[in-house]
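Structure file structure12.cif (mmCIF, C-alpha atoms and all ligand atoms) is printed below.
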data_protein
loop_
_atom_site.label_atom_id
_atom_site.label_comp_id
_atom_site.auth_asym_id
_atom_site.auth_seq_id
_atom_site.Cartn_x
_atom_site.Cartn_y
_atom_site.Cartn_z
CA MET A 1 -8.40 -185.60 -45.88
CA SER A 2 -5.67 -188.21 -45.59
CA PRO A 3 -5.05 -190.46 -48.59
CA VAL A 4 -7.26 -193.53 -48.97
CA PHE A 5 -5.95 -196.65 -50.69
CA LEU A 6 -8.22 -198.86 -52.76
CA SER A 7 -7.34 -202.23 -54.18
CA PHE A 8 -9.09 -202.83 -57.42
CA GLY A 9 -8.92 -206.59 -57.88
CA THR A 10 -7.23 -206.22 -61.25
CA GLY A 11 -3.79 -205.58 -59.85
CA VAL A 12 -4.50 -201.85 -59.94
CA GLU A 13 -4.15 -200.00 -56.66
CA LEU A 14 -5.35 -196.44 -56.41
CA ARG A 15 -4.52 -193.80 -53.83
CA PHE A 16 -7.26 -191.16 -53.42
CA GLN A 17 -7.16 -187.68 -52.01
CA GLU A 18 -10.32 -185.59 -51.77
CA LYS A 19 -10.07 -181.82 -52.24
CA LEU A 20 -12.66 -179.08 -52.15
CA MET A 21 -13.85 -177.13 -55.16
CA GLY A 22 -16.99 -175.33 -56.29
CA GLY A 23 -19.63 -174.47 -53.68
CA SER A 24 -18.04 -176.52 -50.88
CA ALA A 25 -14.74 -174.70 -51.45
CA LEU A 26 -16.51 -171.32 -51.51
CA ASP A 27 -18.20 -172.06 -48.20
CA ALA A 28 -15.02 -173.34 -46.55
CA THR A 29 -12.36 -171.06 -48.04
CA GLY A 30 -14.10 -168.18 -49.85
CA VAL A 31 -12.85 -169.16 -53.32
CA PRO A 32 -14.20 -171.73 -55.81
CA LEU A 33 -10.82 -173.30 -56.57
CA PRO A 34 -8.36 -173.10 -53.67
CA ASP A 35 -4.65 -173.13 -54.64
CA GLU A 36 -4.26 -176.31 -52.61
CA THR A 37 -6.88 -178.08 -54.73
CA LEU A 38 -5.27 -177.05 -58.02
CA ALA A 39 -1.82 -178.01 -56.73
CA ALA A 40 -3.09 -181.45 -55.60
CA ALA A 41 -4.89 -181.95 -58.93
CA ARG A 42 -1.72 -181.07 -60.86
CA ASP A 43 0.24 -183.44 -58.66
CA SER A 44 -2.11 -186.38 -59.34
CA ASP A 45 -2.17 -188.94 -62.13
CA ALA A 46 -5.83 -188.17 -62.80
CA VAL A 47 -8.68 -186.11 -61.35
CA LEU A 48 -12.28 -187.29 -60.83
CA LEU A 49 -14.65 -184.38 -60.40
CA GLY A 50 -18.10 -184.34 -58.81
CA ALA A 51 -20.59 -182.00 -60.46
CA ILE A 52 -20.57 -178.45 -59.14
CA GLY A 53 -23.06 -175.58 -58.82
CA GLY A 54 -26.22 -174.78 -56.93
CA TYR A 55 -28.85 -172.11 -56.27
CA LYS A 56 -26.97 -170.89 -53.19
CA TRP A 57 -24.14 -169.47 -55.29
CA ASP A 58 -26.06 -168.54 -58.48
CA ASN A 59 -26.03 -164.81 -57.75
CA ASN A 60 -22.39 -164.63 -56.69
CA GLU A 61 -20.07 -162.36 -58.61
CA LYS A 62 -18.43 -164.17 -61.49
CA HIS A 63 -15.08 -164.78 -59.75
CA LEU A 64 -16.97 -166.30 -56.80
CA LYS A 65 -19.09 -168.75 -58.77
CA PRO A 66 -18.56 -172.53 -58.56
CA GLU A 67 -18.56 -172.56 -62.39
CA THR A 68 -15.58 -170.18 -62.43
CA GLY A 69 -13.70 -172.68 -60.28
CA LEU A 70 -14.43 -175.38 -62.83
CA LEU A 71 -13.15 -173.23 -65.70
CA GLN A 72 -10.04 -172.43 -63.65
CA LEU A 73 -9.45 -176.12 -63.02
CA ARG A 74 -9.82 -176.99 -66.72
CA ALA A 75 -7.51 -174.14 -67.71
CA GLY A 76 -5.09 -174.91 -64.87
CA LEU A 77 -4.76 -178.52 -66.01
CA ARG A 78 -4.66 -177.40 -69.69
CA VAL A 79 -7.17 -180.10 -70.61
CA PHE A 80 -8.22 -178.69 -73.97
CA ALA A 81 -9.83 -181.85 -75.39
CA ASN A 82 -13.10 -182.98 -73.83
CA LEU A 83 -14.38 -186.35 -75.03
CA ARG A 84 -18.10 -186.84 -74.46
CA PRO A 85 -19.36 -190.23 -75.66
CA ALA A 86 -23.10 -190.63 -76.22
CA ALA A 87 -23.99 -194.22 -77.01
CA VAL A 88 -27.42 -195.78 -76.72
CA LEU A 89 -27.15 -198.97 -74.69
CA PRO A 90 -29.52 -201.69 -75.94
CA GLN A 91 -30.97 -201.95 -72.40
CA LEU A 92 -31.95 -198.27 -72.47
CA VAL A 93 -33.48 -197.85 -75.92
CA ASP A 94 -36.90 -197.52 -74.29
CA ALA A 95 -35.62 -194.73 -72.02
CA SER A 96 -34.77 -192.54 -75.02
CA THR A 97 -37.24 -189.81 -75.85
CA LEU A 98 -36.70 -190.62 -79.52
CA LYS A 99 -38.44 -193.42 -81.39
CA LYS A 100 -36.75 -196.79 -80.99
CA GLU A 101 -35.74 -196.99 -84.66
CA VAL A 102 -34.11 -193.54 -84.46
CA ALA A 103 -32.26 -194.11 -81.17
CA GLU A 104 -31.20 -197.73 -81.56
CA GLY A 105 -27.49 -198.14 -82.33
CA VAL A 106 -26.56 -194.47 -81.91
CA ASP A 107 -22.88 -194.17 -80.98
CA ILE A 108 -21.49 -190.64 -81.10
CA MET A 109 -18.33 -189.10 -79.68
CA VAL A 110 -18.44 -185.34 -79.19
CA VAL A 111 -14.93 -183.86 -79.08
CA ARG A 112 -15.41 -180.49 -77.43
CA GLU A 113 -12.70 -177.82 -77.30
CA LEU A 114 -12.56 -177.00 -73.58
CA THR A 115 -10.10 -174.25 -72.74
CA GLY A 116 -10.79 -171.61 -75.39
CA GLY A 117 -13.54 -169.83 -77.26
CA ILE A 118 -16.20 -167.63 -75.73
CA TYR A 119 -15.73 -169.12 -72.25
CA PHE A 120 -12.27 -167.58 -71.99
CA GLY A 121 -12.11 -164.87 -74.71
CA LYS A 122 -11.39 -161.25 -73.88
CA PRO A 123 -12.73 -158.63 -73.74
CA ARG A 124 -15.63 -159.71 -71.59
CA GLY A 125 -17.61 -157.97 -68.93
CA PHE A 126 -20.32 -155.42 -68.41
CA GLY A 127 -20.41 -151.89 -69.76
CA THR A 128 -22.59 -149.14 -71.16
CA ASN A 129 -23.18 -148.39 -74.83
CA ASP A 130 -23.38 -144.98 -76.51
CA ASN A 131 -27.10 -144.81 -75.68
CA GLY A 132 -26.36 -145.28 -71.98
CA ASP A 133 -27.82 -148.76 -72.19
CA GLU A 134 -26.18 -151.42 -70.02
CA THR A 135 -24.31 -154.14 -71.95
CA GLY A 136 -22.88 -157.56 -71.22
CA PHE A 137 -20.30 -158.95 -73.62
CA ASN A 138 -18.06 -161.93 -74.32
CA THR A 139 -15.62 -162.71 -77.09
CA GLU A 140 -15.48 -165.86 -79.19
CA VAL A 141 -11.83 -166.15 -80.15
CA TYR A 142 -9.77 -169.06 -81.40
CA SER A 143 -6.17 -169.13 -82.58
CA ALA A 144 -5.08 -171.39 -85.42
CA SER A 145 -2.96 -173.49 -83.06
CA GLU A 146 -5.88 -174.01 -80.66
CA ILE A 147 -8.03 -175.22 -83.56
CA ASP A 148 -5.27 -177.44 -84.97
CA ARG A 149 -4.62 -179.23 -81.68
CA ILE A 150 -8.29 -180.05 -80.99
CA ALA A 151 -8.85 -181.05 -84.62
CA ARG A 152 -5.86 -183.40 -84.47
CA VAL A 153 -7.30 -185.09 -81.39
CA ALA A 154 -10.66 -185.42 -83.16
CA PHE A 155 -9.14 -186.91 -86.33
CA GLU A 156 -7.25 -189.43 -84.17
CA VAL A 157 -10.41 -190.27 -82.21
CA ALA A 158 -12.37 -190.75 -85.45
CA ARG A 159 -9.60 -193.03 -86.74
CA LYS A 160 -10.10 -195.34 -83.74
CA ARG A 161 -13.87 -195.29 -84.31
CA ARG A 162 -15.73 -195.51 -87.63
CA GLY A 163 -13.54 -193.05 -89.54
CA LYS A 164 -16.11 -190.25 -89.89
CA LEU A 165 -15.58 -186.76 -88.52
CA CYS A 166 -18.15 -183.96 -88.63
CA SER A 167 -16.84 -180.51 -87.73
CA VAL A 168 -19.62 -178.30 -86.37
CA ASP A 169 -19.34 -174.52 -86.59
CA LYS A 170 -21.18 -171.34 -87.50
CA ALA A 171 -18.87 -170.39 -90.38
CA ASN A 172 -21.72 -168.70 -92.25
CA VAL A 173 -21.68 -165.92 -89.65
CA LEU A 174 -18.77 -165.99 -87.19
CA GLU A 175 -15.15 -165.16 -88.02
CA ALA A 176 -13.88 -167.55 -85.33
CA SER A 177 -15.83 -170.31 -87.07
CA MET A 178 -14.53 -169.29 -90.50
CA LEU A 179 -10.97 -169.79 -89.23
CA TRP A 180 -12.08 -173.04 -87.53
CA ARG A 181 -13.42 -174.45 -90.80
CA ARG A 182 -10.36 -173.35 -92.79
CA ARG A 183 -7.91 -174.98 -90.34
CA VAL A 184 -9.90 -178.22 -89.96
CA THR A 185 -10.17 -178.49 -93.76
CA ALA A 186 -6.42 -177.91 -94.16
CA LEU A 187 -5.59 -180.58 -91.57
CA ALA A 188 -7.71 -183.16 -93.38
CA SER A 189 -4.88 -183.81 -95.86
CA GLU A 190 -2.91 -185.36 -92.95
CA PHE A 191 -5.79 -187.79 -92.36
CA PRO A 192 -6.80 -189.05 -95.82
CA ASP A 193 -8.46 -192.13 -94.30
CA ILE A 194 -10.97 -189.95 -92.40
CA GLU A 195 -14.19 -188.83 -94.07
CA LEU A 196 -14.53 -185.18 -93.02
CA SER A 197 -17.74 -183.19 -93.27
CA HIS A 198 -18.79 -179.75 -91.99
CA MET A 199 -22.13 -178.73 -90.57
CA TYR A 200 -23.56 -175.50 -89.19
CA VAL A 201 -24.44 -175.83 -85.54
CA ASP A 202 -28.13 -175.03 -85.96
CA ASN A 203 -28.45 -177.80 -88.53
CA ALA A 204 -26.39 -180.15 -86.32
CA ALA A 205 -28.80 -179.56 -83.42
CA MET A 206 -31.66 -180.50 -85.72
CA GLN A 207 -29.89 -183.49 -87.34
CA LEU A 208 -29.07 -184.94 -83.91
CA VAL A 209 -32.73 -185.56 -83.25
CA ARG A 210 -33.72 -186.21 -86.88
CA ASN A 211 -31.15 -188.87 -87.68
CA PRO A 212 -28.46 -189.21 -84.99
CA LYS A 213 -27.01 -192.37 -86.57
CA GLN A 214 -25.44 -190.25 -89.32
CA PHE A 215 -22.85 -189.05 -86.74
CA ASP A 216 -19.71 -190.85 -85.66
CA THR A 217 -17.28 -188.27 -84.24
CA ILE A 218 -18.20 -184.60 -83.88
CA VAL A 219 -15.59 -181.91 -83.26
CA THR A 220 -16.70 -178.48 -82.18
CA ASN A 221 -15.89 -175.44 -80.10
CA ASN A 222 -16.39 -174.98 -76.39
CA ILE A 223 -19.93 -173.59 -76.30
CA PHE A 224 -21.40 -175.59 -79.18
CA GLY A 225 -19.91 -178.75 -77.60
CA ASP A 226 -21.51 -177.89 -74.28
CA ILE A 227 -24.93 -177.58 -75.85
CA LEU A 228 -24.77 -180.44 -78.37
CA SER A 229 -23.48 -182.93 -75.80
CA ASP A 230 -26.45 -182.23 -73.51
CA GLU A 231 -28.72 -182.71 -76.51
CA ALA A 232 -26.94 -185.95 -77.50
CA SER A 233 -27.27 -187.23 -73.94
CA MET A 234 -31.05 -187.34 -74.20
CA ILE A 235 -30.84 -189.70 -77.17
CA THR A 236 -29.19 -192.20 -74.81
CA GLY A 237 -32.01 -191.90 -72.29
CA SER A 238 -30.64 -189.42 -69.78
CA ILE A 239 -27.91 -186.91 -69.06
CA GLY A 240 -27.38 -189.03 -65.96
CA MET A 241 -25.69 -191.63 -68.19
CA LEU A 242 -22.98 -189.49 -69.84
CA PRO A 243 -19.39 -189.45 -68.63
CA SER A 244 -16.55 -187.35 -70.01
CA ALA A 245 -12.78 -187.28 -70.22
CA SER A 246 -10.76 -184.10 -70.60
CA VAL A 247 -7.15 -184.42 -71.62
CA GLY A 248 -4.27 -182.16 -72.58
CA GLU A 249 -0.85 -182.60 -74.13
CA SER A 250 0.64 -183.69 -70.81
CA GLY A 251 -0.28 -183.84 -67.14
CA PRO A 252 -3.29 -185.37 -65.46
CA GLY A 253 -6.65 -185.68 -67.19
CA LEU A 254 -9.92 -184.50 -65.68
CA PHE A 255 -12.89 -186.87 -65.59
CA GLU A 256 -16.43 -185.74 -64.84
CA PRO A 257 -20.03 -186.46 -65.77
CA ILE A 258 -21.39 -183.97 -68.30
CA HIS A 259 -24.35 -183.15 -66.07
CA GLY A 260 -24.45 -180.60 -63.30
CA SER A 261 -25.37 -180.85 -59.65
CA ALA A 262 -29.07 -181.44 -60.47
CA PRO A 263 -30.22 -179.09 -57.69
CA ASP A 264 -33.88 -179.72 -58.52
CA ILE A 265 -33.54 -183.29 -57.20
CA ALA A 266 -30.75 -182.74 -54.66
CA GLY A 267 -31.09 -184.62 -51.37
CA GLN A 268 -33.87 -186.87 -52.70
CA ASP A 269 -31.73 -189.93 -53.53
CA LYS A 270 -32.95 -189.71 -57.13
CA ALA A 271 -29.86 -188.80 -59.18
CA ASN A 272 -28.42 -191.37 -61.53
CA PRO A 273 -24.86 -192.13 -60.39
CA LEU A 274 -23.89 -193.97 -63.60
CA ALA A 275 -22.42 -190.94 -65.43
CA THR A 276 -20.00 -190.45 -62.56
CA ILE A 277 -19.24 -194.17 -62.30
CA LEU A 278 -18.61 -194.30 -66.05
CA SER A 279 -16.38 -191.22 -65.70
CA ALA A 280 -14.27 -193.28 -63.30
CA ALA A 281 -14.03 -195.93 -66.03
CA MET A 282 -12.85 -193.25 -68.47
CA LEU A 283 -10.32 -192.15 -65.86
CA LEU A 284 -8.91 -195.65 -65.70
CA ARG A 285 -8.79 -195.96 -69.51
CA TYR A 286 -7.60 -192.54 -70.65
CA GLY A 287 -6.03 -191.23 -67.45
CA LEU A 288 -4.16 -194.29 -66.19
CA GLY A 289 -4.07 -196.64 -69.20
CA GLU A 290 -5.81 -199.36 -67.15
CA GLU A 291 -8.08 -200.79 -69.83
CA ASN A 292 -8.99 -203.96 -67.92
CA ALA A 293 -10.10 -202.06 -64.85
CA ALA A 294 -12.09 -199.64 -67.05
CA LYS A 295 -13.83 -202.56 -68.74
CA ARG A 296 -14.60 -204.10 -65.36
CA ILE A 297 -16.49 -200.99 -64.29
CA GLU A 298 -18.30 -200.69 -67.62
CA SER A 299 -19.34 -204.32 -67.58
CA ALA A 300 -20.57 -203.95 -63.99
CA VAL A 301 -22.75 -201.05 -65.14
CA THR A 302 -24.06 -203.07 -68.08
CA GLU A 303 -24.74 -206.06 -65.83
CA THR A 304 -26.57 -203.90 -63.29
CA LEU A 305 -28.77 -202.57 -66.09
CA ASN A 306 -29.28 -206.13 -67.36
CA GLN A 307 -30.53 -207.03 -63.90
CA GLY A 308 -33.21 -204.39 -64.45
CA PHE A 309 -32.16 -201.70 -61.97
CA ARG A 310 -33.06 -198.16 -63.05
CA THR A 311 -33.03 -194.73 -61.45
CA GLY A 312 -36.06 -192.56 -62.25
CA ASP A 313 -34.46 -190.77 -65.22
CA ILE A 314 -33.99 -194.04 -67.14
CA TYR A 315 -36.96 -195.94 -65.76
CA SER A 316 -39.29 -197.77 -68.09
CA PRO A 317 -42.16 -200.12 -67.20
CA GLY A 318 -41.03 -203.62 -66.27
CA THR A 319 -37.75 -202.47 -64.69
CA THR A 320 -36.92 -201.97 -61.00
CA LEU A 321 -36.93 -198.38 -59.79
CA VAL A 322 -34.08 -197.66 -57.36
CA GLY A 323 -32.51 -194.57 -55.83
CA CYS A 324 -29.01 -193.20 -56.34
CA LYS A 325 -27.54 -195.01 -53.33
CA ARG A 326 -29.01 -198.40 -54.22
CA MET A 327 -27.89 -198.09 -57.85
CA GLY A 328 -24.34 -197.44 -56.67
CA GLU A 329 -24.53 -200.39 -54.29
CA GLU A 330 -25.80 -202.68 -57.06
CA VAL A 331 -22.89 -201.70 -59.33
CA LEU A 332 -20.47 -202.30 -56.48
CA LYS A 333 -22.03 -205.70 -55.76
CA THR A 334 -21.56 -206.65 -59.40
CA VAL A 335 -17.91 -205.52 -59.33
CA GLU A 336 -17.39 -207.62 -56.19
CA SER A 337 -19.01 -210.71 -57.68
CA GLN A 338 -17.01 -210.29 -60.91
CA LYS A 339 -13.88 -210.00 -58.76
CA ALA A 340 -14.79 -213.23 -56.96
CA MET A 341 -15.46 -215.00 -60.29
CA ALA A 342 -12.10 -213.82 -61.63
CA ALA A 343 -10.37 -215.14 -58.49
CA ILE A 344 -11.99 -218.61 -58.97
CA ASN A 345 -11.12 -218.87 -62.68
N1 LIG A 401 -19.66 -180.05 -64.92
C1 LIG A 401 -20.43 -179.57 -63.97
O1 LIG A 401 -20.13 -179.67 -62.81
C2 LIG A 401 -21.73 -178.92 -64.34
C3 LIG A 401 -22.36 -179.22 -65.56
C4 LIG A 401 -23.59 -178.61 -65.85
C5 LIG A 401 -24.18 -177.73 -64.95
N2 LIG A 401 -23.52 -177.47 -63.78
C6 LIG A 401 -24.14 -176.64 -62.74
O2 LIG A 401 -25.18 -177.42 -62.15
C7 LIG A 401 -26.21 -176.56 -61.71
C8 LIG A 401 -27.55 -177.01 -62.30
O3 LIG A 401 -27.54 -176.79 -63.71
P1 LIG A 401 -28.65 -177.35 -64.68
O4 LIG A 401 -29.88 -177.61 -63.92
O5 LIG A 401 -28.67 -176.50 -65.86
O6 LIG A 401 -28.02 -178.74 -65.21
P2 LIG A 401 -28.02 -180.18 -64.53
O7 LIG A 401 -27.25 -181.06 -65.46
O8 LIG A 401 -27.58 -180.13 -63.13
O9 LIG A 401 -29.57 -180.63 -64.54
C9 LIG A 401 -30.36 -180.58 -65.69
C10 LIG A 401 -31.54 -181.54 -65.55
O10 LIG A 401 -31.03 -182.87 -65.64
C11 LIG A 401 -31.32 -183.59 -64.46
N3 LIG A 401 -30.12 -184.37 -64.10
C12 LIG A 401 -28.85 -183.96 -64.13
N4 LIG A 401 -28.02 -184.92 -63.71
C13 LIG A 401 -28.81 -185.96 -63.40
C14 LIG A 401 -28.56 -187.25 -62.89
N5 LIG A 401 -27.32 -187.67 -62.59
N6 LIG A 401 -29.59 -188.08 -62.69
C15 LIG A 401 -30.85 -187.69 -62.97
N7 LIG A 401 -31.15 -186.48 -63.45
C16 LIG A 401 -30.15 -185.62 -63.66
C17 LIG A 401 -31.60 -182.55 -63.38
O11 LIG A 401 -32.41 -183.08 -62.36
C18 LIG A 401 -32.22 -181.43 -64.19
O12 LIG A 401 -33.59 -181.66 -64.35
C19 LIG A 401 -25.81 -175.15 -62.14
O13 LIG A 401 -25.22 -174.53 -61.05
C20 LIG A 401 -24.80 -175.39 -63.24
O14 LIG A 401 -23.89 -174.36 -63.41
C21 LIG A 401 -22.32 -178.06 -63.45
C1 LIG A 402 -20.91 -175.67 -65.36
C2 LIG A 402 -20.42 -175.20 -66.68
C3 LIG A 402 -19.25 -174.27 -66.50
C4 LIG A 402 -20.03 -176.37 -67.58
C5 LIG A 402 -19.67 -175.86 -68.98
O1 LIG A 402 -20.38 -175.01 -69.52
O2 LIG A 402 -18.64 -176.31 -69.50
C6 LIG A 402 -21.07 -177.47 -67.77
O3 LIG A 402 -22.21 -177.03 -68.41
C7 LIG A 402 -20.45 -178.64 -68.50
O4 LIG A 402 -20.98 -179.04 -69.53
O5 LIG A 402 -19.44 -179.19 -68.02
MG MG A 403 -22.84 -178.36 -69.93
#
Rewrite the structure of this file - the entire thing - as structure tokens.
Amino acid sequence: MSPVFLSFGTGVELRFQEKLMGGSALDATGVPLPDETLAAARDSDAVLLGAIGGYKWDNNEKHLKPETGLLQLRAGLRVFANLRPAAVLPQLVDASTLKKEVAEGVDIMVVRELTGGIYFGKPRGFGTNDNGDETGFNTEVYSASEIDRIARVAFEVARKRRGKLCSVDKANVLEASMLWRRRVTALASEFPDIELSHMYVDNAAMQLVRNPKQFDTIVTNNIFGDILSDEASMITGSIGMLPSASVGESGPGLFEPIHGSAPDIAGQDKANPLATILSAAMLLRYGLGEENAAKRIESAVTETLNQGFRTGDIYSPGTTLVGCKRMGEEVLKTVESQKAMAAIN
């Protein structure tokens, strides 16, 4: 596709290129992440990713799965730090499955390690044990430097928030977690202003629904971060609300909703587009340093919710049920009217 230019009304002009990955890339090229896509992503200032996956490719061999393409993209861009904010918007308290007094005011940032751990550790594969029984195996492995770099990001993130960092691990059982806890604890002396705590992941999963307000910033490994961020999303009302930003030491960041392709509702105009729209806001903020443009998108989302528009996943009585397309159009309308207001003032 040829580049598309978009004027943003804040003095920001973006040039877009669309590239295939995941199932669409598999169908068109036979691989989930074509070289051309990775090269274009590396050559960009930031990458916005649509959710991948679907039943059609679920039984593919591992190297031909859409998910493998996503892991290759994350690794290829070296975006080891995945920020997943889960904040309960006042307009959506009623959409939370938790009681109002538990959900109200929750504002958590999950800092998930994204390019290491069991997702990438070797050895992995299938085999046969001494009894002739088939096995499947993966390896949870972290190096000290991988832990240090994600912990540093998390301490810095906590510093810009409420100064509390909870490191989540399984150090009562797993060696990789024992090293994790030791390194995070050692780093704490560089951040004396941050209140560091540690929690086992099983307890953290429970505490997130018991009393989520106790959390400010959470730092954890790849797989625990995957699971806990989905859990945290439900406190906010829906996984359809949660954006994410993945960043590395240099190079473009990767911005994507935390949800998947929602194949159970595909083609029904039901999906909530706000997680993706809010990922675009994160792209502007963290990827391009365009804070004003990011705020403009976020306030358009807030305003659209204030006007009462809701997709099915965040619907509550008294609000207006709309589909995915209409929700997107309403956000766009709000951006346009804010742009017009800004031009008048
Ligand atoms: N980053 C990604 O691209 C990503 C993330 C998670 C899962 N996946 C892939 O997506 C596919 C489906 O996985 P899954 O069903 O476990 O997870 P999913 O996140 O796609 O869906 C889980 C549930 O949440 C609902 N949901 C998700 N996004 C929604 C939205 N925007 N609005 C309303 N409801 C929404 C779905 O309808 C479903 O009931 C799989 O192939 C999986 O590998 C991709
Ligand atoms: C699709 C899958 C590879 C991915 C992950 O496990 O990281 C997804 O669940 C996510 O949370 O982005
Ligand atoms: Mg996930």
List all protein, DNA and RNA residues that have an atom no more than 12 Å from any atom of ligand MG 403 (chain A), counting all atoms listed in the file, and report them as a count of residues only. 34
Skip segment 89-93 of chain A itself and residues of its chain fewer than 6 positions away, then list as a PyMOL selection string all residues within 8 Å of it, counting only C-alpha atoms. chain A and resi 100+103-105+236-237+305-306+314
Taking into account only C-alpha atoms and all ligand atoms, which residue in the set A:Ala280, A:Leu208, A:Leu165, A:Met234 is nearest to ligand LIG 401 (chain A)?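 For ligand LIG 401 (chain A), the nearest of the given residues is A:Met234.
Here the question is which of A:Asp35, A:Glu329, A:Glu140, A:Asp107 gets nearest to Pro85 of chain A using all atoms listed in the file, and that residue is A:Asp107.
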Go through A:Val209, A:Ala95, A:Leu73, A:Val322 one by one, measure the shortest atom-to-atom distance of each to ligand LIG 402 (chain A) using all atoms listed in the file, and give the residue with the smallest value. A:Leu73
Find the residues around Arg149 of chain A up to 10 Å (only C-alpha atoms counted), leave out those fewer than 6 positions away in its own chain, and share them as a PyMOL selection string. chain A and resi 80-81+113+184+248-249
Could the centre and edge lengths of an axis-aligned box, enclosing all atoms of ligand LIG 401 (chain A) in the file with 4 Å extra on each side, be given in Å to one decimal as JSON?
{"center_x": -26.6, "center_y": -181.2, "center_z": -63.5, "size_x": 21.9, "size_y": 21.7, "size_z": 12.8}
Hey, which of A:Phe137, A:Phe255, A:Trp180, A:Tyr200 ends up closest to ligand LIG 402 (chain A)? Count only C-alpha atoms and all ligand atoms.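 The shortest atom-to-atom distance to ligand LIG 402 (chain A) comes from A:Phe255.
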Would you pick out the contacts of Arg78 of chain A at 12 Å or less, using all atoms listed in the file, so that residues sharing its chain but fewer than 6 positions from it are not included, and give the list as a list in words?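 My reading of the contact set: Leu38, Ala41, Arg42, Leu71, Gln72, Glu113, Leu114, Thr115, Gly116, Glu146, Ser246, Val247, Gly248, Glu249, Ser250, Gly251, Pro252, Gly253 and Leu254 of chain A.
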Neighbours of point (-38.6, -193.1, -67.5) within 10 Å, using all atoms listed in the file, written as a ChimeraX atom specification: /A:92,94-97,237-238,310-317,319,321
With only C-alpha atoms as the atoms that count, which of A:Val168, A:Ile277, A:Ile344, A:Val111 lies nearest to His198 of chain A?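 With only C-alpha atoms as the atom set, the closest residue is A:Val168.
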Could you check how far atom CA of Ser197 of chain A sits from atom O4 of ligand LIG 402 (chain A), in Å to one decimal? 24.3 Å
With a distance cut-off of 12 Å and all atoms listed in the file, select the neighbouring residues of Cys324 of chain A, excluding the residue or stretch itself and same-chain residues fewer than 4 positions from it, and output the selection as a count of residues only. 24
For ligand LIG 401 (chain A), the nearest of the candidates A:Leu49, A:Ala151, A:Ala293, A:Ile218, counting only C-alpha atoms and all ligand atoms: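 Residue with the minimum atom-to-atom distance to ligand LIG 401 (chain A): A:Leu49.
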I need every residue sitting at most 8 Å from the point (-19.0, -184.6, -83.6) (coordinates as in the file, all atoms listed in the file considered), written as a VMD selection string. chain A and resid 108 to 111 165 to 168 215 to 220
Coordinates-based distance that separates atom CA of Met241 of chain A from atom CA of Asn292 of chain A (Å, one decimal): 20.8 Å
Between atom O9 of ligand LIG 401 (chain A) and atom CA of Gly50 of chain A, what is the distance in Å, rounded to a tenth? 13.3 Å
List as a short mmCIF file (atom, residue, chain, number, x, y, z; two decimals) with C-alpha atoms, in the frame of the given file the protein and nucleic acid residues near Lys19 of chain A, meaning an atom at most 10 Å away when all atoms listed in the file are counted, but skip any in the same chain fewer than 2 places from it.
data_model
loop_
_atom_site.label_atom_id
_atom_site.label_comp_id
_atom_site.auth_asym_id
_atom_site.auth_seq_id
_atom_site.Cartn_x
_atom_site.Cartn_y
_atom_site.Cartn_z
CA MET A 1 -8.40 -185.60 -45.88
CA PHE A 16 -7.26 -191.16 -53.42
CA GLN A 17 -7.16 -187.68 -52.01
CA MET A 21 -13.85 -177.13 -55.16
CA SER A 24 -18.04 -176.52 -50.88
CA ALA A 25 -14.74 -174.70 -51.45
CA LEU A 33 -10.82 -173.30 -56.57
CA PRO A 34 -8.36 -173.10 -53.67
CA GLU A 36 -4.26 -176.31 -52.61
CA THR A 37 -6.88 -178.08 -54.73
CA LEU A 38 -5.27 -177.05 -58.02
CA ALA A 40 -3.09 -181.45 -55.60
CA ALA A 41 -4.89 -181.95 -58.93
CA LEU A 49 -14.65 -184.38 -60.40
#
